[in-house]
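Undergrad: Have a look at this one before I ask anything.
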Amino acid sequence: MMSFLSSHIRHVISWFIYAFQVAALILENTFTSILDMAGVLMPFLKWFIGGPGSKGPKILNFLVRSPWSTIAIVGQIEQPILFLSGLQDEMVPPSHMQMLYAKAAVRNRQCDFVEFPTGTHMDTWETGGDHYWKTILQFLEQHAPENKENESSQSQNENNFKGR
């Protein structure tokens, strides 16, 4: 039973990746990893849990079942990435966004980093005002333009995939 579910899930994921190609990525107020966030949210644990950049023995890392290590994969992304960072973020330190950008920009020359001085974790979109929305629009127009030819080839790919 488990084997069937695993292969079915793999098939669904493969179809999703095949049918919906990702043209670009936007990250806003994103953490480097759950391990790093544990030390931020519970400072008394920062010496016992954390990602590769943290100090201490990290003896509690085994407790985290899903580390959600964005920092580990962001450098592998080839698509353009827009980083939107609210500098007043009270949950995720803005330094996490700076580290993610630095890691991605080493191999990906299509990365943009935009700071919003008054943006907090939940209202960067609002405090950023027109600048926020214009930044996103410009990024999408540059890296993910609407293209009718692309849409028709995507529909053709979906139809071809259904026929398998």
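Here's how to read the names in the structure tokens: chain A, B, ... by the order shown, residue numbers from 1 in each chain, ligand numbers from 1 in the order shown.
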Mind checking which residues fall within 7 Å of Phe83 in chain A, counting only C-alpha atoms, ignoring those fewer than 3 positions away in the same chain, and posting them as a PyMOL selection string?

TA: chain A and resi 26-28+101+112-114

Undergrad: So, counting only C-alpha atoms, which residue among A:Thr127, A:Phe48, A:Gln79, A:Asn61 is closest to Gln21 in chain A?

TA: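 The closest residue to Gln21 in chain A is A:Gln79.
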
Undergrad: Restricting the calculation to only C-alpha atoms, which member of A:Asp123, A:Glu115, A:Glu141, A:Glu146 is positioned closest to Glu90 in chain A?

TA: A:Asp123

Undergrad: When you count only C-alpha atoms, which of these residues is closest to Lys103 in chain A: A:Gly75, A:Gly119, A:Gly128, A:Gly86?

TA: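 Closest to Lys103 in chain A of all the choices is A:Gly75.
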
Undergrad: In range 28-119 of chain A, what's alpha helix (DSSP H) per DSSP? Answer as a ChimeraX atom specification?

TA: /A:34-41,70-73,94-105

Undergrad: Please save N, CA and C atoms of the selected residues as a short mmCIF file (atom, residue, chain, number, x, y, z; two decimals), in the first residue's frame.

TA:
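For reference, out34.cif as written:
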data_model
loop_
_atom_site.label_atom_id
_atom_site.label_comp_id
_atom_site.auth_asym_id
_atom_site.auth_seq_id
_atom_site.Cartn_x
_atom_site.Cartn_y
_atom_site.Cartn_z
N ILE A 34 14.25 26.30 9.66
CA ILE A 34 13.55 26.14 10.93
C ILE A 34 14.57 26.05 12.07
N LEU A 35 15.68 25.39 11.79
CA LEU A 35 16.71 25.26 12.82
C LEU A 35 17.21 26.64 13.27
N ASP A 36 17.44 27.52 12.31
CA ASP A 36 17.88 28.88 12.66
C ASP A 36 16.78 29.66 13.38
N MET A 37 15.54 29.46 12.97
CA MET A 37 14.42 30.17 13.60
C MET A 37 14.20 29.72 15.04
N ALA A 38 14.52 28.48 15.36
CA ALA A 38 14.37 28.01 16.74
C ALA A 38 15.21 28.87 17.68
N GLY A 39 16.42 29.20 17.25
CA GLY A 39 17.29 30.04 18.06
C GLY A 39 16.83 31.48 18.13
N VAL A 40 16.10 31.93 17.11
CA VAL A 40 15.57 33.30 17.09
C VAL A 40 14.36 33.40 18.02
N LEU A 41 13.45 32.45 17.91
CA LEU A 41 12.22 32.49 18.70
C LEU A 41 12.42 32.06 20.14
N THR A 70 15.77 26.51 3.61
CA THR A 70 15.76 27.31 2.40
C THR A 70 17.18 27.65 1.97
N ILE A 71 18.04 27.91 2.95
CA ILE A 71 19.43 28.28 2.66
C ILE A 71 20.16 27.15 1.93
N ALA A 72 19.76 25.91 2.17
CA ALA A 72 20.42 24.77 1.54
C ALA A 72 20.06 24.64 0.06
N ILE A 73 18.89 25.15 -0.34
CA ILE A 73 18.48 24.95 -1.74
C ILE A 73 18.44 26.22 -2.57
N PRO A 94 15.69 40.28 9.36
CA PRO A 94 16.04 40.64 7.97
C PRO A 94 17.38 40.05 7.53
N SER A 95 18.24 39.73 8.47
CA SER A 95 19.53 39.12 8.12
C SER A 95 19.33 37.76 7.42
N HIS A 96 18.22 37.08 7.70
CA HIS A 96 17.94 35.81 7.02
C HIS A 96 17.75 36.06 5.53
N MET A 97 17.02 37.10 5.19
CA MET A 97 16.81 37.43 3.77
C MET A 97 18.14 37.81 3.12
N GLN A 98 18.97 38.54 3.82
CA GLN A 98 20.28 38.93 3.28
C GLN A 98 21.14 37.69 3.04
N MET A 99 21.10 36.74 3.96
CA MET A 99 21.88 35.50 3.77
C MET A 99 21.36 34.68 2.59
N LEU A 100 20.03 34.61 2.45
CA LEU A 100 19.45 33.88 1.32
C LEU A 100 19.85 34.52 0.00
N TYR A 101 19.77 35.84 -0.06
CA TYR A 101 20.16 36.55 -1.27
C TYR A 101 21.63 36.30 -1.60
N ALA A 102 22.49 36.42 -0.59
CA ALA A 102 23.93 36.22 -0.81
C ALA A 102 24.21 34.81 -1.34
N LYS A 103 23.53 33.82 -0.80
CA LYS A 103 23.73 32.44 -1.24
C LYS A 103 23.24 32.25 -2.68
N ALA A 104 22.08 32.81 -3.00
CA ALA A 104 21.52 32.65 -4.35
C ALA A 104 22.35 33.40 -5.39
N ALA A 105 22.78 34.60 -5.05
CA ALA A 105 23.46 35.47 -6.02
C ALA A 105 24.84 34.97 -6.41
#

Undergrad: Using only C-alpha atoms, which of the listed residues (A:Pro57, A:Gln110, A:Trp125, A:Met91) sits closest to Met42 in chain A?

TA: A:Met91

Undergrad: So which one's closest to Leu87 in chain A, A:Cys111, A:Met122, A:Ala24, A:Leu140? Using only C-alpha atoms, please.

TA: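 Smallest separation from Leu87 in chain A among the options: A:Met122.
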